[in-house]
$ cat start-v6.txt   # compact mmCIF, C-alpha atoms and all ligand atoms
# COMPACT_ATOMS: atom_id res chain seq x y z
CA MET A 1 10.73 39.34 -18.78
CA ALA A 2 12.30 35.95 -19.63
CA LYS A 3 9.88 33.09 -19.00
CA LYS A 4 10.99 30.10 -16.96
CA LEU A 5 10.82 26.49 -18.03
CA VAL A 6 10.88 24.31 -14.93
CA PHE A 7 12.37 20.79 -14.88
CA LEU A 8 11.23 18.47 -12.11
CA GLY A 9 13.29 15.28 -11.61
CA MET A 10 11.53 12.12 -10.45
CA GLY A 11 14.18 9.51 -11.29
CA GLY A 12 13.62 6.57 -13.67
CA THR A 13 15.83 4.96 -16.29
CA ILE A 14 16.50 8.36 -17.81
CA ALA A 15 18.53 8.96 -14.62
CA GLY A 16 19.84 5.39 -14.46
CA THR A 17 23.40 4.05 -14.68
CA ALA A 18 24.91 0.65 -15.48
CA ALA A 19 28.41 -0.68 -14.85
CA SER A 20 28.95 -1.01 -18.61
CA ALA A 21 27.95 1.42 -21.36
CA ALA A 22 26.90 -1.62 -23.42
CA ASP A 23 24.31 -2.66 -20.82
CA ASN A 24 20.82 -1.30 -21.46
CA VAL A 25 18.94 -3.61 -19.10
CA GLY A 26 21.14 -4.40 -16.09
CA TYR A 27 21.21 -0.86 -14.70
CA ARG A 28 20.01 0.93 -11.59
CA ALA A 29 17.34 3.53 -12.25
CA ALA A 30 17.29 6.91 -10.51
CA GLN A 31 21.02 7.52 -9.90
CA VAL A 32 21.77 10.82 -11.64
CA GLY A 33 20.36 14.14 -10.43
CA VAL A 34 18.21 16.19 -12.77
CA ASP A 35 20.78 19.04 -12.85
CA GLN A 36 23.52 16.67 -13.96
CA LEU A 37 21.22 15.13 -16.58
CA LEU A 38 20.44 18.52 -18.06
CA GLN A 39 24.08 19.63 -18.00
CA ALA A 40 24.97 16.60 -20.11
CA ILE A 41 22.76 17.77 -23.01
CA PRO A 42 24.97 20.09 -25.06
CA THR A 43 22.21 21.62 -27.22
CA LEU A 44 19.76 22.22 -24.39
CA GLU A 45 20.61 25.90 -24.09
CA MET A 46 19.86 26.41 -27.77
CA ALA A 47 16.58 24.51 -27.48
CA LEU A 48 15.54 26.67 -24.52
CA GLY A 49 15.95 29.85 -26.55
CA ARG A 50 15.09 32.77 -24.31
CA HIS A 51 13.65 30.57 -21.56
CA GLU A 52 15.37 30.56 -18.22
CA LEU A 53 16.01 27.06 -16.84
CA VAL A 54 14.87 26.19 -13.32
CA SER A 55 15.25 22.66 -11.96
CA GLU A 56 14.26 20.77 -8.85
CA GLN A 57 14.72 17.17 -7.75
CA VAL A 58 11.31 16.21 -6.37
CA ALA A 59 12.10 12.49 -5.97
CA GLN A 60 14.76 10.00 -7.08
CA VAL A 61 12.94 6.73 -7.57
CA ASP A 62 12.63 3.79 -9.96
CA SER A 63 9.04 4.43 -11.01
CA LYS A 64 8.09 0.79 -10.40
CA ASP A 65 8.50 1.68 -6.70
CA MET A 66 6.53 4.91 -6.80
CA VAL A 67 4.16 5.49 -3.87
CA PHE A 68 1.48 8.06 -3.05
CA THR A 69 3.87 10.31 -1.11
CA HIS A 70 5.85 10.81 -4.34
CA TRP A 71 2.62 11.80 -6.10
CA ASN A 72 1.67 14.21 -3.36
CA ALA A 73 5.08 15.86 -3.48
CA LEU A 74 4.93 16.11 -7.27
CA ALA A 75 1.37 17.50 -7.40
CA LEU A 76 2.30 20.21 -4.88
CA ARG A 77 5.35 21.31 -6.87
CA VAL A 78 3.51 21.17 -10.21
CA CYS A 79 0.72 23.38 -8.83
CA HIS A 80 3.22 25.72 -7.19
CA TYR A 81 5.17 26.32 -10.39
CA LEU A 82 2.22 26.45 -12.80
CA ALA A 83 0.68 29.18 -10.67
CA GLN A 84 3.74 31.46 -11.13
CA PRO A 85 3.12 34.03 -13.87
CA ASP A 86 6.75 33.86 -15.07
CA VAL A 87 6.68 30.07 -15.55
CA SER A 88 5.65 29.06 -19.06
CA GLY A 89 5.61 25.30 -18.57
CA LEU A 90 7.02 22.20 -16.92
CA VAL A 91 9.10 19.24 -18.01
CA ILE A 92 9.08 16.24 -15.66
CA THR A 93 11.69 13.50 -16.02
CA HIS A 94 10.16 10.19 -14.89
CA GLY A 95 10.52 6.41 -15.27
CA THR A 96 8.60 4.76 -18.09
CA ASP A 97 7.06 1.95 -16.00
CA THR A 98 4.39 4.05 -14.33
CA ILE A 99 4.59 7.32 -16.27
CA GLU A 100 1.07 6.74 -17.63
CA GLU A 101 -0.28 6.55 -14.08
CA THR A 102 1.49 9.70 -12.91
CA ALA A 103 0.45 11.57 -16.07
CA PHE A 104 -3.19 10.56 -15.59
CA PHE A 105 -3.05 11.38 -11.87
CA LEU A 106 -1.72 14.90 -12.59
CA SER A 107 -4.34 15.44 -15.27
CA GLN A 108 -6.99 14.72 -12.65
CA VAL A 109 -5.69 16.67 -9.65
CA VAL A 110 -3.98 19.76 -11.02
CA PRO A 111 -6.60 22.53 -11.32
CA THR A 112 -8.07 22.63 -14.83
CA ALA A 113 -7.48 26.39 -15.06
CA LEU A 114 -3.72 25.79 -14.73
CA LEU A 115 -3.62 22.86 -17.14
CA GLU A 116 -5.64 24.72 -19.74
CA SER A 117 -3.12 27.54 -19.83
CA LYS A 118 0.28 25.80 -19.57
CA PRO A 119 1.91 22.52 -20.62
CA VAL A 120 3.17 19.75 -18.35
CA VAL A 121 5.39 17.52 -20.48
CA MET A 122 6.64 14.22 -19.10
CA ALA A 123 9.90 12.90 -20.53
CA CYS A 124 11.48 9.50 -20.00
CA ALA A 125 13.94 7.04 -21.50
CA MET A 126 14.23 3.35 -22.17
CA ARG A 127 18.01 3.34 -21.88
CA PRO A 128 20.03 4.53 -18.90
CA ALA A 129 22.06 7.73 -18.96
CA SER A 130 25.25 5.64 -19.02
CA SER A 131 24.29 3.90 -22.28
CA LEU A 132 26.48 4.06 -25.39
CA SER A 133 23.51 5.65 -27.14
CA PRO A 134 21.03 6.92 -24.54
CA ASP A 135 17.59 8.07 -25.67
CA GLY A 136 17.04 10.38 -22.70
CA PRO A 137 18.77 13.51 -24.10
CA ARG A 138 16.74 13.38 -27.34
CA ASN A 139 13.52 12.85 -25.39
CA VAL A 140 14.29 15.81 -23.10
CA LEU A 141 14.99 18.03 -26.10
CA ASP A 142 11.69 16.93 -27.65
CA ALA A 143 9.94 17.69 -24.36
CA VAL A 144 11.49 21.17 -24.37
CA ALA A 145 10.35 21.75 -27.97
CA LEU A 146 6.85 20.66 -27.01
CA ALA A 147 6.73 22.73 -23.80
CA CYS A 148 7.95 25.82 -25.70
CA THR A 149 5.42 25.46 -28.53
CA GLU A 150 2.93 28.30 -28.71
CA GLY A 151 -0.44 27.24 -27.31
CA ALA A 152 0.78 23.98 -25.69
CA THR A 153 -1.41 22.98 -22.73
CA GLY A 154 -2.29 19.91 -20.66
CA VAL A 155 -0.42 16.85 -19.44
CA MET A 156 1.48 14.99 -22.16
CA VAL A 157 4.11 12.28 -22.44
CA VAL A 158 6.78 12.45 -25.11
CA CYS A 159 8.93 9.48 -26.04
CA ALA A 160 10.82 8.57 -29.22
CA GLY A 161 9.52 11.65 -30.99
CA THR A 162 5.89 10.77 -30.35
CA ILE A 163 3.48 12.81 -28.22
CA HIS A 164 0.75 11.11 -26.18
CA SER A 165 -2.00 12.55 -24.01
CA ALA A 166 -2.24 11.55 -20.33
CA GLN A 167 -5.67 10.11 -20.97
CA HIS A 168 -4.62 7.58 -23.62
CA VAL A 169 -0.95 6.81 -23.14
CA GLN A 170 0.03 3.27 -22.24
CA LYS A 171 3.40 1.52 -22.13
CA VAL A 172 3.12 -1.39 -24.54
CA TYR A 173 6.68 -2.57 -25.06
CA PRO A 174 9.15 -3.59 -22.35
CA TYR A 175 12.29 -2.86 -24.39
CA ARG A 176 11.64 -0.86 -27.58
CA LEU A 177 12.68 2.78 -27.53
CA ASP A 178 9.24 3.69 -28.89
CA ALA A 179 7.57 1.98 -25.94
CA PHE A 180 4.22 3.79 -25.83
CA ASP A 181 0.94 3.77 -27.68
CA SER A 182 -2.28 5.76 -27.52
CA GLY A 183 -4.55 3.02 -28.88
CA ASP A 184 -7.65 4.05 -30.83
CA ALA A 185 -7.05 7.74 -30.12
CA GLY A 186 -3.61 7.61 -31.75
CA PRO A 187 -0.72 9.85 -30.79
CA MET A 188 -1.35 13.57 -30.36
CA GLY A 189 1.53 14.33 -32.66
CA TYR A 190 5.25 14.13 -33.27
CA VAL A 191 8.40 16.16 -32.63
CA GLU A 192 10.55 16.26 -35.73
CA GLU A 193 13.90 18.12 -35.65
CA GLY A 194 12.63 20.26 -32.80
CA VAL A 195 9.33 21.09 -34.51
CA VAL A 196 5.98 19.88 -33.20
CA ARG A 197 3.47 18.48 -35.69
CA LEU A 198 0.10 17.83 -34.08
CA THR A 199 -2.32 15.21 -35.35
CA TYR A 200 -5.04 16.57 -33.10
CA SER A 201 -5.36 19.52 -30.78
CA TRP A 202 -3.93 20.00 -27.29
CA PRO A 203 -5.62 17.65 -24.83
CA LYS A 204 -8.70 18.97 -23.12
CA THR A 205 -8.47 17.80 -19.55
CA GLU A 206 -11.27 15.33 -19.11
CA VAL A 207 -11.73 15.28 -15.36
CA ILE A 208 -13.35 11.99 -14.46
CA ARG A 209 -13.54 12.11 -10.68
CA PRO A 210 -15.27 14.71 -8.47
CA SER A 211 -12.78 17.46 -7.79
CA ILE A 212 -10.42 17.27 -4.84
CA SER A 213 -7.77 19.90 -4.21
CA HIS A 214 -4.11 18.90 -4.16
CA GLU A 215 -3.82 20.48 -0.69
CA LYS A 216 -6.58 18.20 0.59
CA LEU A 217 -4.91 15.27 -1.14
CA ALA A 218 -1.63 15.91 0.65
CA GLN A 219 -3.35 15.57 4.03
CA ALA A 220 -5.66 12.70 3.19
CA VAL A 221 -5.24 9.03 4.05
CA TRP A 222 -5.36 7.45 0.63
CA PRO A 223 -7.83 4.58 0.36
CA ARG A 224 -6.45 1.19 -0.57
CA VAL A 225 -7.68 0.01 -3.96
CA GLU A 226 -6.41 -3.22 -5.51
CA ILE A 227 -6.71 -4.71 -9.00
CA VAL A 228 -7.83 -8.28 -9.72
CA THR A 229 -8.01 -9.94 -13.13
CA SER A 230 -10.50 -12.35 -14.64
CA TYR A 231 -9.08 -15.32 -16.58
CA VAL A 232 -9.67 -18.98 -17.31
CA GLY A 233 -10.12 -20.77 -14.01
CA ALA A 234 -10.37 -17.52 -12.03
CA SER A 235 -11.83 -18.02 -8.57
CA GLY A 236 -12.98 -15.79 -5.76
CA ALA A 237 -9.97 -16.76 -3.61
CA MET A 238 -7.96 -13.61 -4.23
CA VAL A 239 -10.87 -11.27 -3.49
CA ARG A 240 -11.87 -13.18 -0.34
CA ALA A 241 -8.24 -13.17 0.85
CA LEU A 242 -8.04 -9.42 0.28
CA CYS A 243 -11.29 -8.83 2.16
CA SER A 244 -10.35 -10.95 5.16
CA ALA A 245 -6.64 -10.10 5.43
CA PRO A 246 -5.61 -8.53 8.73
CA GLN A 247 -5.14 -4.82 8.30
CA GLY A 248 -1.52 -3.86 7.73
CA SER A 249 0.12 -0.48 7.24
CA GLU A 250 -1.58 -0.19 3.86
CA GLY A 251 -4.94 0.28 5.58
CA PRO A 252 -8.28 -1.41 5.01
CA LEU A 253 -9.36 -2.43 1.53
CA CYS A 254 -11.73 0.24 0.19
CA GLY A 255 -12.04 -0.56 -3.49
CA LEU A 256 -11.41 -3.16 -6.17
CA VAL A 257 -10.92 -2.78 -9.89
CA VAL A 258 -11.59 -5.92 -11.85
CA ALA A 259 -9.80 -6.23 -15.18
CA GLY A 260 -12.47 -8.26 -16.92
CA THR A 261 -12.26 -10.26 -20.11
CA GLY A 262 -13.45 -8.67 -23.37
CA ASN A 263 -16.29 -6.24 -22.77
CA GLY A 264 -15.62 -6.28 -19.02
CA THR A 265 -17.06 -9.74 -18.42
CA ILE A 266 -16.10 -11.57 -15.24
CA HIS A 267 -15.76 -15.27 -14.42
CA THR A 268 -18.84 -16.37 -12.44
CA ASP A 269 -16.82 -17.46 -9.40
CA LEU A 270 -14.87 -14.21 -9.29
CA ASP A 271 -18.09 -12.27 -9.87
CA ALA A 272 -19.68 -13.96 -6.82
CA ALA A 273 -16.74 -12.96 -4.60
CA LEU A 274 -16.84 -9.39 -5.91
CA ARG A 275 -20.52 -9.18 -4.99
CA GLU A 276 -19.67 -10.37 -1.48
CA ALA A 277 -16.99 -7.67 -1.31
CA ARG A 278 -19.47 -5.04 -2.44
CA ALA A 279 -21.89 -6.18 0.26
CA LEU A 280 -19.10 -5.48 2.77
CA GLY A 281 -18.94 -1.87 1.54
CA ILE A 282 -16.00 -2.24 -0.85
CA GLN A 283 -16.49 -0.31 -4.08
CA VAL A 284 -16.07 -2.47 -7.15
CA VAL A 285 -15.36 -1.03 -10.58
CA ARG A 286 -15.04 -2.88 -13.85
CA SER A 287 -12.39 -2.38 -16.54
CA THR A 288 -11.15 -4.63 -19.30
CA ARG A 289 -7.88 -6.46 -19.76
CA CYS A 290 -8.18 -5.71 -23.51
CA ALA A 291 -5.41 -3.26 -24.35
CA TRP A 292 -7.57 -0.92 -26.43
CA GLY A 293 -11.13 0.13 -27.06
CA GLN A 294 -13.61 0.66 -24.28
CA ILE A 295 -16.34 -1.22 -22.48
CA ILE A 296 -19.76 -0.75 -24.05
CA PRO A 297 -22.19 -1.22 -21.17
CA PRO A 298 -25.58 -2.84 -21.70
CA SER A 299 -28.42 -0.32 -21.94
CA VAL A 300 -29.70 -1.64 -18.61
CA LEU A 301 -26.79 -1.94 -16.17
CA GLY A 302 -28.82 -3.89 -13.58
CA ASP A 303 -26.72 -4.69 -10.55
CA GLY A 304 -23.53 -5.00 -12.59
CA PHE A 305 -20.39 -3.17 -11.60
CA PRO A 306 -19.93 0.33 -13.08
CA HIS A 307 -16.92 1.28 -15.20
CA PHE A 308 -14.91 4.42 -15.93
CA LYS A 309 -15.33 5.05 -19.62
CA GLY A 310 -12.32 3.75 -21.53
CA LEU A 311 -9.86 3.75 -18.63
CA SER A 312 -7.30 0.95 -18.38
CA PRO A 313 -7.28 -0.98 -15.06
CA VAL A 314 -4.42 1.10 -13.61
CA LYS A 315 -6.07 4.39 -14.56
CA ALA A 316 -9.49 3.17 -13.36
CA ARG A 317 -7.80 2.47 -10.03
CA ILE A 318 -6.59 6.09 -9.82
CA ALA A 319 -10.07 7.36 -10.72
CA LEU A 320 -11.60 5.16 -8.01
CA ILE A 321 -9.05 6.29 -5.41
CA LEU A 322 -9.83 9.94 -6.20
CA ASP A 323 -13.55 9.20 -6.15
CA LEU A 324 -13.24 7.63 -2.70
CA LEU A 325 -11.10 10.51 -1.46
CA ALA A 326 -13.58 13.10 -2.65
N1 LIG B 401 12.03 0.85 -14.04
C1 LIG B 401 12.28 2.08 -14.75
C2 LIG B 401 11.35 3.15 -14.17
O1 LIG B 401 10.20 3.12 -14.48
C3 LIG B 401 12.03 1.89 -16.19
C4 LIG B 401 12.19 3.10 -17.06
O2 LIG B 401 12.26 4.23 -16.63
O3 LIG B 401 12.23 2.90 -18.29
O4 LIG B 401 11.80 3.98 -13.43
$ encode --input "start-v6.txt" --output "structure tokens" --more "lines below"
Ligand code: ASP
Amino acid sequence: MAKKLVFLGMGGTIAGTAASAADNVGYRAAQVGVDQLLQAIPTLEMALGRHELVSEQVAQVDSKDMVFTHWNALALRVCHYLAQPDVSGLVITHGTDTIEETAFFLSQVVPTALLESKPVVMACAMRPASSLSPDGPRNVLDAVALACTEGATGVMVVCAGTIHSAQHVQKVYPYRLDAFDSGDAGPMGYVEEGVVRLTYSWPKTEVIRPSISHEKLAQAVWPRVEIVTSYVGASGAMVRALCSAPQGSEGPLCGLVVAGTGNGTIHTDLDAALREARALGIQVVRSTRCAWGQIIPPSVLGDGFPHFKGLSPVKARIALILDLLA
């Protein structure tokens, strides 16, 4: 029986178009359907080998505008397809701006048993589909090579021939084609001429939050968690404003992630406001604004704010949301 490789379209620059083929920045993301994108890759059929192609447009969004309903829809489809015995893996086309958040989210909510048996490869592009030399087709072919590699499992991002795990990937350049980095962990590997060379093994899904099923997620009211940063002259004004703001459609504030300086340190004035917020029942979690490395907590935490080991502020926010939901 031929195995299926499923492509889920989410939008992004990879599906973007500009008025001029020479324009790689003044484009509109999320314009071209996933079917049309795939049809435009002449060697895709060869790369798929004996795999049957299945595709579905789950969303069509510039990933800077992604919201929780997009994530719910995606998680449901990912779980649906991974559970089918004749599906060997998934490729998701997605915008680069928040791909690290979606990848981390999926790694936390898709059942471990599914992720430890099949790959979910996220592909993206820094140039729109209309570009004179788009990078999307190459990235999709690399994603196919990765998804079809024997033993491939877990959530990964592939861009510019480099493979990153959901846990470590971070967008670090606004314009370069090779826009991502995995920090201290380094990339998981590379795709070279359609062949995967791993630098370390397939990612083990490190589930950080207590488990919550994707079905429960789809019905839940997601708690509002915001991010504040510590810097020179930081005050408590932002936190106090967030705590006292009249409740809008986004719901009451439930959690705060503070992107601290260095080893997660926080300006005294901001720290005072965060303690007031905590006293009101708002969960406060610490991260660092340092791009890489991880907070080393003191041996006695005292009444300091806890942290999620090594998670960037945006990923710590996801972990806290899932924690609150569970
Ligand atoms: N704003 C775009 C997006 O994230 C950027 C990209 O895909 O490169 O959808």
$ residues_near_ligand --input "start-v6.txt" --ligand "ligand LIG 401 (chain B)" --cutoff "12 Å" --atoms "all atoms listed in the file" --output "number ranges by chain"
A: 9-17, 24-31, 59-66, 93-102, 122-129, 134-136, 159, 171-180
$ atom_distance --input "start-v6.txt" --atom1 "CA of Trp71 (chain A)" --atom2 "CA of Met238 (chain A)"
27.6 Å
$ closest_residue --input "start-v6.txt" --among "A:Lys315, A:Val157, A:Val140, A:Gly260" --to "Phe105 (chain A)" --atoms "only C-alpha atoms"
A:Lys315
$ closest_residue --input "start-v6.txt" --among "A:Arg240, A:Ser235, A:Ile318, A:Ala291" --to "Leu270 (chain A)" --atoms "only C-alpha atoms"
A:Ser235
$ closest_residue --input "start-v6.txt" --among "A:Val6, A:Ala279, A:Leu324, A:Ala259" --to "His307 (chain A)" --atoms "all atoms listed in the file"
A:Ala259
$ atom_distance --input "start-v6.txt" --atom1 "CA of Ala152 (chain A)" --atom2 "CA of His80 (chain A)"
18.7 Å
$ atom_distance --input "start-v6.txt" --atom1 "CA of Gly183 (chain A)" --atom2 "CA of Trp292 (chain A)"
5.5 Å
$ closest_residue --input "start-v6.txt" --among "A:Pro119, A:Pro298, A:Gly189, A:Gly262" --to "Lys204 (chain A)" --atoms "all atoms listed in the file"
A:Pro119
$ residues_around --input "start-v6.txt" --residues "Leu274 (chain A)" --least-positions-apart "4" --cutoff "8 Å" --atoms "all atoms listed in the file" --output "PyMOL selection string"
chain A and resi 236+239+270+278+284
$ write_last_selection --input "start-v6.txt" --atoms "C-alpha atoms" --output "mmCIF file, in the frame of the given file"
data_model
loop_
_atom_site.group_PDB
_atom_site.id
_atom_site.type_symbol
_atom_site.label_atom_id
_atom_site.label_comp_id
_atom_site.auth_asym_id
_atom_site.auth_seq_id
_atom_site.Cartn_x
_atom_site.Cartn_y
_atom_site.Cartn_z
ATOM 1 C CA GLY A 236 -12.980 -15.790 -5.760
ATOM 2 C CA VAL A 239 -10.870 -11.270 -3.490
ATOM 3 C CA LEU A 270 -14.870 -14.210 -9.290
ATOM 4 C CA ARG A 278 -19.470 -5.040 -2.440
ATOM 5 C CA VAL A 284 -16.070 -2.470 -7.150
#
$ residues_around --input "start-v6.txt" --residues "Val121 (chain A)" --least-positions-apart "6" --cutoff "10 Å" --atoms "all atoms listed in the file" --output "VMD selection string"
chain A and resid 7 89 to 93 103 140 142 to 147 152 to 158 163 to 166
$ closest_residue --input "start-v6.txt" --among "A:Gly49, A:Ala19, A:Pro85, A:Ala273" --to "Leu242 (chain A)" --atoms "all atoms listed in the file"
A:Ala273
$ residues_around --input "start-v6.txt" --residues "Asp86 (chain A)" --least-positions-apart "5" --cutoff "10 Å" --atoms "all atoms listed in the file" --output "list in words"
Met1, Ala2, Lys3, Lys4, Leu5, Glu52 and Tyr81 of chain A
$ closest_residue --input "start-v6.txt" --among "A:Ser230, A:Pro111, A:Gly293, A:Val58" --to "Asp184 (chain A)" --atoms "only C-alpha atoms"
A:Gly293
$ residues_around --input "start-v6.txt" --residues "Glu226 (chain A)" --least-positions-apart "4" --cutoff "8 Å" --atoms "only C-alpha atoms" --output "list in words"
Leu253, Gly255, Leu256, Val257 and Arg317 of chain A
$ residues_around --input "start-v6.txt" --residues "region 212-220 of chain A" --least-positions-apart "2" --cutoff "12 Å" --atoms "only C-alpha atoms" --output "PyMOL selection string"
chain A and resi 68-80+105-112+207-210+222-223+319+321-326
$ axis_aligned_box --input "start-v6.txt" --around "region 136-146 of chain A" --padding-each-side "8 Å" --output "AutoDock Vina command-line options"
--center_x 12.8 --center_y 16.1 --center_z -25.3 --size_x 27.9 --size_y 27.4 --size_z 21.3
$ decode --input "start-v6.txt" --residues "region 34-43 of chain A" --atoms "all heavy atoms" --output "PDB file, in the first residue's frame"
ATOM      1  N   VAL A  34      -2.077  26.027  -1.137  1.00  0.00           N
ATOM      2  CA  VAL A  34      -1.026  25.011  -0.998  1.00  0.00           C
ATOM      3  C   VAL A  34      -0.975  24.112  -2.238  1.00  0.00           C
ATOM      4  O   VAL A  34       0.120  23.729  -2.689  1.00  0.00           O
ATOM      5  CB  VAL A  34      -1.172  24.216   0.326  1.00  0.00           C
ATOM      6  CG1 VAL A  34      -2.433  23.368   0.361  1.00  0.00           C
ATOM      7  CG2 VAL A  34       0.057  23.355   0.589  1.00  0.00           C
ATOM      8  N   ASP A  35      -2.126  23.805  -2.836  1.00  0.00           N
ATOM      9  CA  ASP A  35      -2.133  22.960  -4.045  1.00  0.00           C
ATOM     10  C   ASP A  35      -1.341  23.611  -5.172  1.00  0.00           C
ATOM     11  O   ASP A  35      -0.523  22.981  -5.829  1.00  0.00           O
ATOM     12  CB  ASP A  35      -3.575  22.752  -4.544  1.00  0.00           C
ATOM     13  CG  ASP A  35      -4.341  21.820  -3.630  1.00  0.00           C
ATOM     14  OD1 ASP A  35      -3.690  21.052  -2.898  1.00  0.00           O
ATOM     15  OD2 ASP A  35      -5.581  21.876  -3.639  1.00  0.00           O
ATOM     16  N   GLN A  36      -1.622  24.913  -5.351  1.00  0.00           N
ATOM     17  CA  GLN A  36      -0.951  25.661  -6.426  1.00  0.00           C
ATOM     18  C   GLN A  36       0.561  25.739  -6.161  1.00  0.00           C
ATOM     19  O   GLN A  36       1.369  25.621  -7.070  1.00  0.00           O
ATOM     20  CB  GLN A  36      -1.557  27.058  -6.461  1.00  0.00           C
ATOM     21  CG  GLN A  36      -1.422  27.762  -7.788  1.00  0.00           C
ATOM     22  CD  GLN A  36      -1.977  29.182  -7.696  1.00  0.00           C
ATOM     23  OE1 GLN A  36      -2.953  29.435  -6.970  1.00  0.00           O
ATOM     24  NE2 GLN A  36      -1.361  30.098  -8.410  1.00  0.00           N
ATOM     25  N   LEU A  37       0.913  25.921  -4.898  1.00  0.00           N
ATOM     26  CA  LEU A  37       2.339  25.979  -4.522  1.00  0.00           C
ATOM     27  C   LEU A  37       3.048  24.680  -4.891  1.00  0.00           C
ATOM     28  O   LEU A  37       4.150  24.684  -5.428  1.00  0.00           O
ATOM     29  CB  LEU A  37       2.477  26.138  -2.998  1.00  0.00           C
ATOM     30  CG  LEU A  37       2.449  27.505  -2.376  1.00  0.00           C
ATOM     31  CD1 LEU A  37       2.728  27.387  -0.884  1.00  0.00           C
ATOM     32  CD2 LEU A  37       3.502  28.398  -3.038  1.00  0.00           C
ATOM     33  N   LEU A  38       2.391  23.578  -4.572  1.00  0.00           N
ATOM     34  CA  LEU A  38       3.006  22.270  -4.816  1.00  0.00           C
ATOM     35  C   LEU A  38       3.085  21.979  -6.306  1.00  0.00           C
ATOM     36  O   LEU A  38       4.078  21.435  -6.796  1.00  0.00           O
ATOM     37  CB  LEU A  38       2.219  21.170  -4.084  1.00  0.00           C
ATOM     38  CG  LEU A  38       2.190  21.307  -2.550  1.00  0.00           C
ATOM     39  CD1 LEU A  38       1.296  20.256  -1.931  1.00  0.00           C
ATOM     40  CD2 LEU A  38       3.594  21.224  -1.956  1.00  0.00           C
ATOM     41  N   GLN A  39       2.026  22.396  -7.034  1.00  0.00           N
ATOM     42  CA  GLN A  39       2.025  22.155  -8.491  1.00  0.00           C
ATOM     43  C   GLN A  39       3.169  22.891  -9.174  1.00  0.00           C
ATOM     44  O   GLN A  39       3.637  22.485 -10.231  1.00  0.00           O
ATOM     45  CB  GLN A  39       0.697  22.603  -9.100  1.00  0.00           C
ATOM     46  CG  GLN A  39      -0.388  21.542  -8.980  1.00  0.00           C
ATOM     47  CD  GLN A  39      -1.775  22.146  -9.097  1.00  0.00           C
ATOM     48  OE1 GLN A  39      -1.941  23.252  -9.611  1.00  0.00           O
ATOM     49  NE2 GLN A  39      -2.765  21.426  -8.597  1.00  0.00           N
ATOM     50  N   ALA A  40       3.613  23.987  -8.571  1.00  0.00           N
ATOM     51  CA  ALA A  40       4.664  24.803  -9.202  1.00  0.00           C
ATOM     52  C   ALA A  40       6.072  24.239  -8.959  1.00  0.00           C
ATOM     53  O   ALA A  40       7.053  24.831  -9.381  1.00  0.00           O
ATOM     54  CB  ALA A  40       4.568  26.230  -8.674  1.00  0.00           C
ATOM     55  N   ILE A  41       6.167  23.106  -8.271  1.00  0.00           N
ATOM     56  CA  ILE A  41       7.501  22.525  -8.004  1.00  0.00           C
ATOM     57  C   ILE A  41       7.682  21.326  -8.942  1.00  0.00           C
ATOM     58  O   ILE A  41       7.155  20.235  -8.684  1.00  0.00           O
ATOM     59  CB  ILE A  41       7.640  22.084  -6.526  1.00  0.00           C
ATOM     60  CG1 ILE A  41       7.271  23.245  -5.593  1.00  0.00           C
ATOM     61  CG2 ILE A  41       9.050  21.578  -6.243  1.00  0.00           C
ATOM     62  CD1 ILE A  41       7.264  22.887  -4.116  1.00  0.00           C
ATOM     63  N   PRO A  42       8.422  21.513 -10.032  1.00  0.00           N
ATOM     64  CA  PRO A  42       8.465  20.463 -11.055  1.00  0.00           C
ATOM     65  C   PRO A  42       9.033  19.126 -10.571  1.00  0.00           C
ATOM     66  O   PRO A  42       8.616  18.081 -11.048  1.00  0.00           O
ATOM     67  CB  PRO A  42       9.336  21.073 -12.166  1.00  0.00           C
ATOM     68  CG  PRO A  42       9.926  22.311 -11.617  1.00  0.00           C
ATOM     69  CD  PRO A  42       9.212  22.698 -10.367  1.00  0.00           C
ATOM     70  N   THR A  43       9.978  19.139  -9.638  1.00  0.00           N
ATOM     71  CA  THR A  43      10.602  17.868  -9.243  1.00  0.00           C
ATOM     72  C   THR A  43       9.954  17.247  -8.001  1.00  0.00           C
ATOM     73  O   THR A  43      10.478  16.286  -7.448  1.00  0.00           O
ATOM     74  CB  THR A  43      12.111  18.068  -8.977  1.00  0.00           C
ATOM     75  OG1 THR A  43      12.229  19.096  -7.986  1.00  0.00           O
ATOM     76  CG2 THR A  43      12.863  18.453 -10.219  1.00  0.00           C
TER      77      THR A  43
END
